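So this block is target_7.cif, mmCIF, C-alpha atoms:
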data_data
#
loop_
_atom_site.group_PDB
_atom_site.id
_atom_site.type_symbol
_atom_site.label_atom_id
_atom_site.label_comp_id
_atom_site.auth_asym_id
_atom_site.auth_seq_id
_atom_site.Cartn_x
_atom_site.Cartn_y
_atom_site.Cartn_z
ATOM 1 C CA MET A 707 2.991 5.632 18.462
ATOM 2 C CA VAL A 708 0.070 5.646 15.991
ATOM 3 C CA GLN A 709 -0.490 8.760 13.943
ATOM 4 C CA LEU A 710 -4.090 9.409 12.967
ATOM 5 C CA GLU A 711 -4.629 11.299 9.743
ATOM 6 C CA ASN A 712 -7.257 13.932 9.007
ATOM 7 C CA LEU A 713 -7.782 15.060 12.625
ATOM 8 C CA GLN A 714 -8.131 18.692 11.603
ATOM 9 C CA ALA A 715 -10.529 17.862 8.775
ATOM 10 C CA ALA A 716 -12.638 15.769 11.141
ATOM 11 C CA LYS A 717 -12.803 18.600 13.681
ATOM 12 C CA GLU A 718 -13.850 21.085 11.035
ATOM 13 C CA SER A 719 -16.520 18.870 9.489
ATOM 14 C CA GLY A 720 -17.683 17.197 12.723
ATOM 15 C CA ASP A 721 -17.414 13.852 10.915
ATOM 16 C CA TYR A 722 -15.050 11.633 12.846
ATOM 17 C CA SER A 723 -15.736 8.419 10.932
ATOM 18 C CA ARG A 724 -12.532 8.742 8.873
ATOM 19 C CA LEU A 725 -10.575 8.995 12.118
ATOM 20 C CA ILE A 726 -12.196 5.901 13.637
ATOM 21 C CA GLU A 727 -11.674 3.910 10.423
ATOM 22 C CA GLN A 728 -7.964 4.087 11.167
ATOM 23 C CA ILE A 729 -8.363 2.035 14.366
ATOM 24 C CA PRO A 730 -9.477 -1.480 13.325
ATOM 25 C CA TYR A 731 -10.742 -2.495 16.776
ATOM 26 C CA ALA A 732 -12.806 0.710 17.150
ATOM 27 C CA GLN A 733 -14.253 -0.006 13.711
ATOM 28 C CA LEU A 734 -15.080 -3.602 14.683
ATOM 29 C CA LEU A 735 -16.971 -2.483 17.796
ATOM 30 C CA GLY A 736 -18.752 0.213 15.795
ATOM 31 C CA VAL A 737 -17.659 3.277 17.812
ATOM 32 C CA VAL A 738 -19.225 6.578 16.723
ATOM 33 C CA MET A 739 -17.879 9.988 17.785
ATOM 34 C CA ARG A 740 -19.430 13.435 17.542
ATOM 35 C CA GLU A 741 -19.292 16.765 19.322
ATOM 36 C CA ASP A 742 -21.987 17.652 21.818
ATOM 37 C CA GLN A 743 -21.898 20.843 23.906
ATOM 38 C CA GLY A 744 -18.324 21.442 22.776
ATOM 39 C CA GLN A 745 -17.107 18.044 24.020
ATOM 40 C CA PRO A 746 -16.790 14.662 22.334
ATOM 41 C CA LEU A 747 -19.728 12.316 22.833
ATOM 42 C CA PHE A 748 -19.231 8.657 21.998
ATOM 43 C CA GLU A 749 -21.850 6.146 20.972
ATOM 44 C CA LEU A 750 -21.744 2.379 20.632
ATOM 45 C CA PRO A 751 -24.879 1.639 18.580
ATOM 46 C CA PHE A 752 -26.392 -1.705 19.532
ATOM 47 C CA SER A 753 -24.953 -4.577 17.553
ATOM 48 C CA GLN A 754 -25.483 -8.309 17.921
ATOM 49 C CA HIS A 755 -21.736 -8.966 17.929
ATOM 50 C CA ASN A 756 -21.258 -6.952 21.142
ATOM 51 C CA ILE A 757 -23.623 -9.187 23.107
ATOM 52 C CA GLY A 758 -22.198 -10.995 26.133
ATOM 53 C CA ASN A 759 -25.310 -12.652 27.536
ATOM 54 C CA GLU A 760 -27.953 -13.722 25.052
ATOM 55 C CA HIS A 761 -30.514 -14.606 27.716
ATOM 56 C CA LEU A 762 -30.852 -11.162 29.293
ATOM 57 C CA PRO A 763 -29.678 -9.908 26.668
ATOM 58 C CA ALA A 764 -26.739 -7.816 27.862
ATOM 59 C CA LEU A 765 -23.691 -6.199 26.305
ATOM 60 C CA HIS A 766 -20.367 -7.975 26.837
ATOM 61 C CA GLY A 767 -18.301 -6.447 29.643
ATOM 62 C CA GLY A 768 -15.238 -6.609 27.437
ATOM 63 C CA ALA A 769 -17.018 -4.729 24.658
ATOM 64 C CA ILE A 770 -18.042 -2.036 27.191
ATOM 65 C CA GLY A 771 -14.417 -1.819 28.357
ATOM 66 C CA GLY A 772 -13.102 -1.712 24.794
ATOM 67 C CA PHE A 773 -15.594 1.022 23.917
ATOM 68 C CA LEU A 774 -14.552 3.142 26.912
ATOM 69 C CA GLU A 775 -10.857 2.687 26.204
ATOM 70 C CA ASN A 776 -11.375 3.781 22.595
ATOM 71 C CA ALA A 777 -13.444 6.743 23.815
ATOM 72 C CA ALA A 778 -10.660 7.869 26.169
ATOM 73 C CA LEU A 779 -7.987 7.521 23.482
ATOM 74 C CA LEU A 780 -10.042 9.455 20.933
ATOM 75 C CA HIS A 781 -10.947 12.077 23.550
ATOM 76 C CA LEU A 782 -7.241 12.635 24.258
ATOM 77 C CA VAL A 783 -6.441 12.891 20.548
ATOM 78 C CA TRP A 784 -9.279 15.430 20.197
ATOM 79 C CA ALA A 785 -8.297 17.487 23.276
ATOM 80 C CA ARG A 786 -4.587 17.561 22.574
ATOM 81 C CA GLU A 787 -5.093 18.316 18.873
ATOM 82 C CA SER A 788 -2.415 15.747 18.331
ATOM 83 C CA SER A 789 -2.575 12.998 15.776
ATOM 84 C CA GLU A 790 -0.594 10.701 18.028
ATOM 85 C CA VAL A 791 -2.669 8.056 19.783
ATOM 86 C CA PRO A 792 -1.472 7.700 23.403
ATOM 87 C CA ARG A 793 -0.614 4.308 24.859
ATOM 88 C CA THR A 794 -2.665 2.804 27.666
ATOM 89 C CA ILE A 795 -0.689 2.204 30.860
ATOM 90 C CA ASP A 796 -3.517 0.908 33.026
ATOM 91 C CA PHE A 797 -7.268 0.704 32.849
ATOM 92 C CA SER A 798 -9.670 0.216 35.753
ATOM 93 C CA LEU A 799 -13.288 -0.539 35.040
ATOM 94 C CA ASP A 800 -16.268 -0.683 37.418
ATOM 95 C CA PHE A 801 -19.442 -2.341 36.177
ATOM 96 C CA LEU A 802 -22.492 -0.787 37.821
ATOM 97 C CA ARG A 803 -25.454 -2.086 35.812
ATOM 98 C CA SER A 804 -25.845 -4.557 33.001
ATOM 99 C CA GLY A 805 -25.731 -2.992 29.541
ATOM 100 C CA LYS A 806 -29.016 -3.531 27.736
ATOM 101 C CA ALA A 807 -29.448 -4.325 24.046
ATOM 102 C CA GLN A 808 -29.491 -0.689 23.000
ATOM 103 C CA SER A 809 -27.080 2.178 22.304
ATOM 104 C CA LEU A 810 -24.404 2.860 24.893
ATOM 105 C CA TYR A 811 -23.048 6.401 25.279
ATOM 106 C CA ALA A 812 -19.858 7.702 26.845
ATOM 107 C CA ARG A 813 -18.217 10.930 27.880
ATOM 108 C CA CYS A 814 -14.649 11.379 29.092
ATOM 109 C CA ASP A 815 -13.004 13.836 31.390
ATOM 110 C CA ILE A 816 -9.272 14.487 31.469
ATOM 111 C CA THR A 817 -8.629 14.618 35.209
ATOM 112 C CA LYS A 818 -4.996 15.523 34.826
ATOM 113 C CA GLN A 819 -2.734 16.031 31.870
ATOM 114 C CA GLY A 820 0.964 16.110 32.516
ATOM 115 C CA LYS A 821 3.836 16.192 30.061
ATOM 116 C CA ARG A 822 4.116 12.435 29.848
ATOM 117 C CA VAL A 823 1.015 10.970 31.473
ATOM 118 C CA ALA A 824 -2.701 11.776 31.388
ATOM 119 C CA ASN A 825 -5.403 10.541 33.755
ATOM 120 C CA VAL A 826 -8.830 10.150 32.170
ATOM 121 C CA ARG A 827 -12.208 9.266 33.669
ATOM 122 C CA MET A 828 -14.911 7.669 31.525
ATOM 123 C CA THR A 829 -18.630 7.210 32.105
ATOM 124 C CA ALA A 830 -20.939 4.995 30.044
ATOM 125 C CA TRP A 831 -24.724 5.131 30.212
ATOM 126 C CA GLN A 832 -27.819 4.235 28.199
ATOM 127 C CA GLU A 833 -31.147 5.961 28.839
ATOM 128 C CA ASP A 834 -30.155 8.158 31.748
ATOM 129 C CA GLU A 835 -26.745 9.768 32.117
ATOM 130 C CA SER A 836 -27.182 9.835 35.910
ATOM 131 C CA LYS A 837 -27.466 6.030 35.960
ATOM 132 C CA PRO A 838 -24.152 4.845 34.550
ATOM 133 C CA VAL A 839 -23.689 1.324 33.218
ATOM 134 C CA ALA A 840 -19.941 1.513 33.860
ATOM 135 C CA VAL A 841 -17.302 3.979 34.966
ATOM 136 C CA ALA A 842 -13.587 3.675 34.301
ATOM 137 C CA ARG A 843 -10.349 5.490 34.880
ATOM 138 C CA ALA A 844 -7.098 5.051 33.052
ATOM 139 C CA HIS A 845 -3.573 6.379 32.708
ATOM 140 C CA PHE A 846 -2.146 7.028 29.257
ATOM 141 C CA LEU A 847 1.416 7.570 28.114
ATOM 142 C CA LEU A 848 1.465 10.652 25.899
ATOM 143 C CA SER A 849 4.987 10.647 24.546
ATOM 144 C CA MET B 678 -0.367 -26.988 47.277
ATOM 145 C CA GLN B 679 -1.464 -24.231 44.948
ATOM 146 C CA ASN B 680 0.865 -25.452 42.238
ATOM 147 C CA LEU B 681 -0.422 -29.014 42.286
ATOM 148 C CA PRO B 682 -3.240 -29.059 39.757
ATOM 149 C CA LEU B 683 -6.568 -30.727 40.457
ATOM 150 C CA PRO B 684 -9.412 -31.135 37.986
ATOM 151 C CA VAL B 685 -12.126 -28.488 37.937
ATOM 152 C CA LEU B 686 -14.718 -29.110 40.634
ATOM 153 C CA ASN B 687 -17.624 -29.861 38.303
ATOM 154 C CA PRO B 688 -16.262 -30.849 34.852
ATOM 155 C CA ALA B 689 -19.708 -31.032 33.203
ATOM 156 C CA LEU B 690 -20.609 -27.532 34.384
ATOM 157 C CA PHE B 691 -17.168 -26.124 33.568
ATOM 158 C CA ASP B 692 -17.078 -27.578 30.032
ATOM 159 C CA ASP B 693 -20.573 -26.301 29.374
ATOM 160 C CA VAL B 694 -19.719 -22.782 30.593
ATOM 161 C CA ALA B 695 -16.373 -22.784 28.730
ATOM 162 C CA ARG B 696 -18.163 -23.698 25.481
ATOM 163 C CA TRP B 697 -20.856 -21.111 26.159
ATOM 164 C CA PHE B 698 -18.295 -18.369 26.912
ATOM 165 C CA CYS B 699 -16.544 -18.927 23.583
ATOM 166 C CA GLN B 700 -19.846 -18.920 21.659
ATOM 167 C CA ILE B 701 -21.110 -15.642 23.156
ATOM 168 C CA PRO B 702 -21.540 -13.281 20.182
ATOM 169 C CA HIS B 703 -18.798 -10.880 21.265
ATOM 170 C CA SER B 704 -16.396 -13.732 22.133
ATOM 171 C CA ALA B 705 -17.054 -15.359 18.763
ATOM 172 C CA THR B 706 -16.513 -12.001 17.052
ATOM 173 C CA ILE B 707 -13.033 -11.619 18.504
ATOM 174 C CA GLY B 708 -12.387 -15.379 18.132
ATOM 175 C CA LEU B 709 -11.834 -16.587 21.728
ATOM 176 C CA GLU B 710 -10.878 -20.257 22.082
ATOM 177 C CA PHE B 711 -10.906 -22.496 25.136
ATOM 178 C CA VAL B 712 -7.548 -24.047 26.027
ATOM 179 C CA ASN B 713 -7.530 -25.542 29.491
ATOM 180 C CA GLY B 714 -9.118 -25.638 32.921
ATOM 181 C CA GLU B 715 -8.073 -26.953 36.316
ATOM 182 C CA ARG B 716 -9.339 -26.262 39.819
ATOM 183 C CA GLY B 717 -9.023 -22.512 40.369
ATOM 184 C CA ARG B 718 -7.597 -21.799 36.931
ATOM 185 C CA ALA B 719 -8.660 -21.327 33.319
ATOM 186 C CA THR B 720 -6.795 -20.577 30.100
ATOM 187 C CA LEU B 721 -8.193 -19.079 26.889
ATOM 188 C CA ARG B 722 -6.499 -18.196 23.611
ATOM 189 C CA LEU B 723 -7.070 -15.237 21.303
ATOM 190 C CA PRO B 724 -5.769 -15.974 17.777
ATOM 191 C CA TYR B 725 -4.233 -13.012 15.967
ATOM 192 C CA ASN B 726 -6.717 -11.114 13.805
ATOM 193 C CA THR B 727 -6.100 -7.842 11.938
ATOM 194 C CA ALA B 728 -9.620 -6.630 12.850
ATOM 195 C CA LEU B 729 -8.510 -6.435 16.500
ATOM 196 C CA VAL B 730 -5.566 -4.150 15.852
ATOM 197 C CA GLY B 731 -5.229 -0.802 17.608
ATOM 198 C CA ASN B 732 -2.266 0.433 15.643
ATOM 199 C CA PRO B 733 -2.429 -0.443 11.925
ATOM 200 C CA ARG B 734 1.202 0.555 11.334
ATOM 201 C CA THR B 735 2.633 -1.883 13.818
ATOM 202 C CA GLY B 736 -0.223 -4.421 13.807
ATOM 203 C CA VAL B 737 -0.255 -4.474 17.631
ATOM 204 C CA LEU B 738 -3.561 -5.589 19.190
ATOM 205 C CA HIS B 739 -5.800 -2.947 20.763
ATOM 206 C CA GLY B 740 -5.734 -2.850 24.558
ATOM 207 C CA GLY B 741 -9.521 -3.032 24.623
ATOM 208 C CA VAL B 742 -9.426 -6.562 23.185
ATOM 209 C CA MET B 743 -7.286 -7.579 26.136
ATOM 210 C CA THR B 744 -10.155 -6.409 28.381
ATOM 211 C CA SER B 745 -12.508 -8.960 26.767
ATOM 212 C CA LEU B 746 -9.909 -11.734 26.932
ATOM 213 C CA ILE B 747 -9.043 -11.093 30.592
ATOM 214 C CA ASP B 748 -12.655 -10.529 31.682
ATOM 215 C CA THR B 749 -13.856 -13.774 30.084
ATOM 216 C CA THR B 750 -10.935 -15.898 31.294
ATOM 217 C CA SER B 751 -11.259 -14.497 34.817
ATOM 218 C CA ALA B 752 -14.975 -15.308 34.922
ATOM 219 C CA LEU B 753 -14.252 -18.839 33.687
ATOM 220 C CA SER B 754 -11.674 -19.366 36.445
ATOM 221 C CA VAL B 755 -14.468 -18.739 38.982
ATOM 222 C CA PHE B 756 -16.548 -21.531 37.403
ATOM 223 C CA SER B 757 -13.656 -23.969 37.876
ATOM 224 C CA LEU B 758 -14.415 -23.770 41.628
ATOM 225 C CA LEU B 759 -18.211 -23.961 41.486
ATOM 226 C CA ALA B 760 -20.200 -27.113 42.212
ATOM 227 C CA GLU B 761 -23.402 -25.798 40.677
ATOM 228 C CA ARG B 762 -24.396 -23.367 37.993
ATOM 229 C CA GLU B 763 -24.927 -19.766 39.035
ATOM 230 C CA ALA B 764 -24.768 -16.371 37.359
ATOM 231 C CA ILE B 765 -21.776 -14.165 38.118
ATOM 232 C CA ALA B 766 -21.128 -10.559 37.108
ATOM 233 C CA THR B 767 -17.930 -8.540 36.893
ATOM 234 C CA LEU B 768 -17.823 -5.858 39.573
ATOM 235 C CA ASP B 769 -14.507 -4.375 38.585
ATOM 236 C CA LEU B 770 -11.519 -5.172 36.487
ATOM 237 C CA ARG B 771 -8.141 -3.470 36.530
ATOM 238 C CA ILE B 772 -5.647 -4.105 33.754
ATOM 239 C CA ASP B 773 -1.983 -3.149 33.563
ATOM 240 C CA TYR B 774 -0.606 -3.058 30.038
ATOM 241 C CA LEU B 775 2.987 -4.193 30.359
ATOM 242 C CA ARG B 776 4.004 -4.375 26.718
ATOM 243 C CA GLY B 777 2.511 -4.633 23.230
ATOM 244 C CA ALA B 778 1.593 -8.096 21.967
ATOM 245 C CA THR B 779 3.800 -9.383 19.152
ATOM 246 C CA PRO B 780 1.729 -9.160 15.938
ATOM 247 C CA GLY B 781 0.825 -12.383 14.131
ATOM 248 C CA GLN B 782 0.883 -14.565 17.239
ATOM 249 C CA PRO B 783 -1.962 -15.729 19.484
ATOM 250 C CA VAL B 784 -2.325 -14.277 22.978
ATOM 251 C CA TYR B 785 -3.024 -16.628 25.883
ATOM 252 C CA CYS B 786 -4.646 -15.634 29.134
ATOM 253 C CA THR B 787 -4.483 -17.710 32.286
ATOM 254 C CA ALA B 788 -6.671 -16.570 35.162
ATOM 255 C CA GLU B 789 -6.763 -17.761 38.747
ATOM 256 C CA CYS B 790 -9.645 -17.426 41.151
ATOM 257 C CA TYR B 791 -7.573 -17.074 44.314
ATOM 258 C CA ARG B 792 -10.461 -16.457 46.680
ATOM 259 C CA LEU B 793 -14.018 -17.647 46.321
ATOM 260 C CA GLY B 794 -16.091 -15.918 48.964
ATOM 261 C CA ARG B 795 -19.747 -16.550 49.641
ATOM 262 C CA GLN B 796 -20.720 -13.418 47.752
ATOM 263 C CA ILE B 797 -17.568 -12.211 45.992
ATOM 264 C CA ALA B 798 -14.930 -13.999 43.908
ATOM 265 C CA PHE B 799 -11.431 -12.499 43.485
ATOM 266 C CA THR B 800 -9.354 -13.197 40.384
ATOM 267 C CA ARG B 801 -5.959 -12.406 38.911
ATOM 268 C CA ALA B 802 -4.937 -13.007 35.329
ATOM 269 C CA THR B 803 -1.882 -12.867 33.094
ATOM 270 C CA ALA B 804 -1.884 -12.424 29.309
ATOM 271 C CA TYR B 805 1.177 -13.743 27.493
ATOM 272 C CA GLN B 806 2.509 -15.212 24.257
ATOM 273 C CA GLU B 807 4.255 -18.447 23.483
ATOM 274 C CA GLY B 808 8.033 -18.364 23.728
ATOM 275 C CA ASN B 809 8.075 -15.177 25.784
ATOM 276 C CA ASP B 810 8.325 -15.221 29.566
ATOM 277 C CA GLN B 811 7.405 -11.543 29.806
ATOM 278 C CA PRO B 812 3.651 -11.070 30.186
ATOM 279 C CA ILE B 813 1.736 -8.610 27.994
ATOM 280 C CA ALA B 814 -0.787 -7.624 30.629
ATOM 281 C CA HIS B 815 -1.933 -8.323 34.166
ATOM 282 C CA GLY B 816 -5.549 -8.142 35.253
ATOM 283 C CA VAL B 817 -7.172 -8.161 38.684
ATOM 284 C CA GLY B 818 -10.918 -8.569 39.016
ATOM 285 C CA THR B 819 -13.787 -9.052 41.428
ATOM 286 C CA PHE B 820 -17.013 -10.843 40.570
ATOM 287 C CA MET B 821 -20.360 -10.850 42.308
ATOM 288 C CA ARG B 822 -21.813 -14.326 42.816
ATOM 289 C CA GLU B 823 -25.479 -15.171 42.311
ATOM 290 C CA SER B 824 -25.784 -11.969 40.329
ATOM 291 C CA SER B 825 -28.986 -13.152 38.655
ATOM 292 C CA GLN B 826 -30.867 -12.396 41.869
ATOM 293 C CA ALA B 827 -29.343 -8.981 42.345
ATOM 294 C CA GLN B 828 -28.805 -8.226 38.631
ATOM 295 C CA LEU B 829 -26.364 -5.454 39.549
ATOM 296 C CA GLY B 830 -29.163 -3.035 40.305
ATOM 297 C CA SER B 831 -30.840 -3.465 36.933
ATOM 298 C CA LYS B 832 -34.261 -4.160 38.449
ATOM 299 C CA LYS B 833 -34.406 -0.965 40.403
ATOM 300 C CA GLY B 834 -31.840 1.111 38.558
ATOM 301 C CA GLY B 835 -31.538 0.823 34.893
#

Go through the file and emit its structure as structure tokens.
Amino acid sequence: MVQLENLQAAKESGDYSRLIEQIPYAQLLGVVMREDQGQPLFELPFSQHNIGNEHLPALHGGAIGGFLENAALLHLVWARESSEVPRTIDFSLDFLRSGKAQSLYARCDITKQGKRVANVRMTAWQEDESKPVAVARAHFLLS
Amino acid sequence: MQNLPLPVLNPALFDDVARWFCQIPHSATIGLEFVNGERGRATLRLPYNTALVGNPRTGVLHGGVMTSLIDTTSALSVFSLLAEREAIATLDLRIDYLRGATPGQPVYCTAECYRLGRQIAFTRATAYQEGNDQPIAHGVGTFMRESSQAQLGSKKGG
């Protein structure tokens, strides 16, 4: 299992960039994490390389899925105060609207955390949190 | 009959879409390559790339990359059954991560469109590596056909 360094320092400073730098794929997508109302808030700032349809233009569904999976993993690391990154068992993603060429945001909710497995729900939106672009749920292996 | 391969229904359309899918900015960023198509099936390859790693210590690919690979291959498998060009959109995608991909080796994904309805297409996909019979991941998806007219609610919603 991956061990992330500097979790405590990131929590104290509110700067999670050093944490995200340790996950190459999260870095490639451009995932940003900060705390908002005592909970992690994730942002995927718009970037040309996350485009899936140049005509609309729209974000790539895979990039949206990758963003949400990273968000859930980082949320679990944050909530458990554990430097171990859980492993994804399954991931189920519903696309509700096309993602426009602008920032995408996400929040996660740990539905259930057991000793070995956690269930996490994710929501991604752009201008209006009540109009999600995608929702997802996943199971993660914690140990 | 399912195991007897036929050519894709409209080769010109399929080749055009396959090329387009691999040139999409996000596909090009992760390095997707077209491998093969037949009626009802498509195969893409994802060469190994350290920028796509989820765990730097082991070099194992991030699960999120598998989402892009499976989503794109599944969509392409739908086009192998289409006579004419139309827009399709992923409704949902469920992925089971069976094991970590061996670092340094490409990952292949073969997707099958096993039911093409008038409005909805159903797909299943397997991600695997050469020389290993055990798949890395399974994916099941549904796609909305003619999505350009409905735009997944974007006209009224968001």

Written as a PDB file with C-alpha atoms, keeping the file's coordinate frame, which residues does the PyMOL selection byres ((chain A and resi 718-733) around 10) give for the file shown?
ATOM      1  CA  VAL A 708       0.070   5.646  15.991  1.00  0.00           C
ATOM      2  CA  GLN A 709      -0.490   8.760  13.943  1.00  0.00           C
ATOM      3  CA  LEU A 710      -4.090   9.409  12.967  1.00  0.00           C
ATOM      4  CA  GLU A 711      -4.629  11.299   9.743  1.00  0.00           C
ATOM      5  CA  ASN A 712      -7.257  13.932   9.007  1.00  0.00           C
ATOM      6  CA  LEU A 713      -7.782  15.060  12.625  1.00  0.00           C
ATOM      7  CA  GLN A 714      -8.131  18.692  11.603  1.00  0.00           C
ATOM      8  CA  ALA A 715     -10.529  17.862   8.775  1.00  0.00           C
ATOM      9  CA  ALA A 716     -12.638  15.769  11.141  1.00  0.00           C
ATOM     10  CA  LYS A 717     -12.803  18.600  13.681  1.00  0.00           C
ATOM     11  CA  LEU A 734     -15.080  -3.602  14.683  1.00  0.00           C
ATOM     12  CA  LEU A 735     -16.971  -2.483  17.796  1.00  0.00           C
ATOM     13  CA  GLY A 736     -18.752   0.213  15.795  1.00  0.00           C
ATOM     14  CA  VAL A 737     -17.659   3.277  17.812  1.00  0.00           C
ATOM     15  CA  VAL A 738     -19.225   6.578  16.723  1.00  0.00           C
ATOM     16  CA  MET A 739     -17.879   9.988  17.785  1.00  0.00           C
ATOM     17  CA  ARG A 740     -19.430  13.435  17.542  1.00  0.00           C
ATOM     18  CA  GLU A 741     -19.292  16.765  19.322  1.00  0.00           C
ATOM     19  CA  PRO A 746     -16.790  14.662  22.334  1.00  0.00           C
ATOM     20  CA  LEU A 750     -21.744   2.379  20.632  1.00  0.00           C
ATOM     21  CA  GLY A 772     -13.102  -1.712  24.794  1.00  0.00           C
ATOM     22  CA  PHE A 773     -15.594   1.022  23.917  1.00  0.00           C
ATOM     23  CA  GLU A 775     -10.857   2.687  26.204  1.00  0.00           C
ATOM     24  CA  ASN A 776     -11.375   3.781  22.595  1.00  0.00           C
ATOM     25  CA  ALA A 777     -13.444   6.743  23.815  1.00  0.00           C
ATOM     26  CA  LEU A 780     -10.042   9.455  20.933  1.00  0.00           C
ATOM     27  CA  SER A 789      -2.575  12.998  15.776  1.00  0.00           C
ATOM     28  CA  VAL A 791      -2.669   8.056  19.783  1.00  0.00           C
TER      29      VAL A 791
ATOM     30  CA  ILE B 707     -13.033 -11.619  18.504  1.00  0.00           C
ATOM     31  CA  ASN B 726      -6.717 -11.114  13.805  1.00  0.00           C
ATOM     32  CA  THR B 727      -6.100  -7.842  11.938  1.00  0.00           C
ATOM     33  CA  ALA B 728      -9.620  -6.630  12.850  1.00  0.00           C
ATOM     34  CA  LEU B 729      -8.510  -6.435  16.500  1.00  0.00           C
ATOM     35  CA  VAL B 730      -5.566  -4.150  15.852  1.00  0.00           C
ATOM     36  CA  GLY B 731      -5.229  -0.802  17.608  1.00  0.00           C
ATOM     37  CA  ASN B 732      -2.266   0.433  15.643  1.00  0.00           C
ATOM     38  CA  PRO B 733      -2.429  -0.443  11.925  1.00  0.00           C
ATOM     39  CA  ARG B 734       1.202   0.555  11.334  1.00  0.00           C
ATOM     40  CA  GLY B 736      -0.223  -4.421  13.807  1.00  0.00           C
ATOM     41  CA  LEU B 738      -3.561  -5.589  19.190  1.00  0.00           C
ATOM     42  CA  HIS B 739      -5.800  -2.947  20.763  1.00  0.00           C
ATOM     43  CA  GLY B 740      -5.734  -2.850  24.558  1.00  0.00           C
ATOM     44  CA  GLY B 741      -9.521  -3.032  24.623  1.00  0.00           C
ATOM     45  CA  VAL B 742      -9.426  -6.562  23.185  1.00  0.00           C
TER      46      VAL B 742
END

- Task: Would you list the contacts of Val841 of chain A as a ChimeraX atom specification, taking every protein, DNA or RNA residue within 10 Å and counting only C-alpha atoms, but skipping same-chain residues closer than 6 positions in sequence?
- Result: /A:770-771,774,798-802,812-814,827-831 /B:769

- Message: For the provided coordinates, the residues matched by the PyMOL selection byres ((chain B) within 10 of (chain A)) should be stated as a PyMOL selection string.
- Response: chain B and resi 697-698+700-707+726-736+738-749+766-777+814-820+825+828-832+834-835

Take the residues just selected and output them with C-alpha atoms as an mmCIF file, keeping the file's coordinate frame.
data_model
loop_
_atom_site.group_PDB
_atom_site.id
_atom_site.type_symbol
_atom_site.label_atom_id
_atom_site.label_comp_id
_atom_site.auth_asym_id
_atom_site.auth_seq_id
_atom_site.Cartn_x
_atom_site.Cartn_y
_atom_site.Cartn_z
ATOM 1 C CA TRP B 697 -20.856 -21.111 26.159
ATOM 2 C CA PHE B 698 -18.295 -18.369 26.912
ATOM 3 C CA GLN B 700 -19.846 -18.920 21.659
ATOM 4 C CA ILE B 701 -21.110 -15.642 23.156
ATOM 5 C CA PRO B 702 -21.540 -13.281 20.182
ATOM 6 C CA HIS B 703 -18.798 -10.880 21.265
ATOM 7 C CA SER B 704 -16.396 -13.732 22.133
ATOM 8 C CA ALA B 705 -17.054 -15.359 18.763
ATOM 9 C CA THR B 706 -16.513 -12.001 17.052
ATOM 10 C CA ILE B 707 -13.033 -11.619 18.504
ATOM 11 C CA ASN B 726 -6.717 -11.114 13.805
ATOM 12 C CA THR B 727 -6.100 -7.842 11.938
ATOM 13 C CA ALA B 728 -9.620 -6.630 12.850
ATOM 14 C CA LEU B 729 -8.510 -6.435 16.500
ATOM 15 C CA VAL B 730 -5.566 -4.150 15.852
ATOM 16 C CA GLY B 731 -5.229 -0.802 17.608
ATOM 17 C CA ASN B 732 -2.266 0.433 15.643
ATOM 18 C CA PRO B 733 -2.429 -0.443 11.925
ATOM 19 C CA ARG B 734 1.202 0.555 11.334
ATOM 20 C CA THR B 735 2.633 -1.883 13.818
ATOM 21 C CA GLY B 736 -0.223 -4.421 13.807
ATOM 22 C CA LEU B 738 -3.561 -5.589 19.190
ATOM 23 C CA HIS B 739 -5.800 -2.947 20.763
ATOM 24 C CA GLY B 740 -5.734 -2.850 24.558
ATOM 25 C CA GLY B 741 -9.521 -3.032 24.623
ATOM 26 C CA VAL B 742 -9.426 -6.562 23.185
ATOM 27 C CA MET B 743 -7.286 -7.579 26.136
ATOM 28 C CA THR B 744 -10.155 -6.409 28.381
ATOM 29 C CA SER B 745 -12.508 -8.960 26.767
ATOM 30 C CA LEU B 746 -9.909 -11.734 26.932
ATOM 31 C CA ILE B 747 -9.043 -11.093 30.592
ATOM 32 C CA ASP B 748 -12.655 -10.529 31.682
ATOM 33 C CA THR B 749 -13.856 -13.774 30.084
ATOM 34 C CA ALA B 766 -21.128 -10.559 37.108
ATOM 35 C CA THR B 767 -17.930 -8.540 36.893
ATOM 36 C CA LEU B 768 -17.823 -5.858 39.573
ATOM 37 C CA ASP B 769 -14.507 -4.375 38.585
ATOM 38 C CA LEU B 770 -11.519 -5.172 36.487
ATOM 39 C CA ARG B 771 -8.141 -3.470 36.530
ATOM 40 C CA ILE B 772 -5.647 -4.105 33.754
ATOM 41 C CA ASP B 773 -1.983 -3.149 33.563
ATOM 42 C CA TYR B 774 -0.606 -3.058 30.038
ATOM 43 C CA LEU B 775 2.987 -4.193 30.359
ATOM 44 C CA ARG B 776 4.004 -4.375 26.718
ATOM 45 C CA GLY B 777 2.511 -4.633 23.230
ATOM 46 C CA ALA B 814 -0.787 -7.624 30.629
ATOM 47 C CA HIS B 815 -1.933 -8.323 34.166
ATOM 48 C CA GLY B 816 -5.549 -8.142 35.253
ATOM 49 C CA VAL B 817 -7.172 -8.161 38.684
ATOM 50 C CA GLY B 818 -10.918 -8.569 39.016
ATOM 51 C CA THR B 819 -13.787 -9.052 41.428
ATOM 52 C CA PHE B 820 -17.013 -10.843 40.570
ATOM 53 C CA SER B 825 -28.986 -13.152 38.655
ATOM 54 C CA GLN B 828 -28.805 -8.226 38.631
ATOM 55 C CA LEU B 829 -26.364 -5.454 39.549
ATOM 56 C CA GLY B 830 -29.163 -3.035 40.305
ATOM 57 C CA SER B 831 -30.840 -3.465 36.933
ATOM 58 C CA LYS B 832 -34.261 -4.160 38.449
ATOM 59 C CA GLY B 834 -31.840 1.111 38.558
ATOM 60 C CA GLY B 835 -31.538 0.823 34.893
#
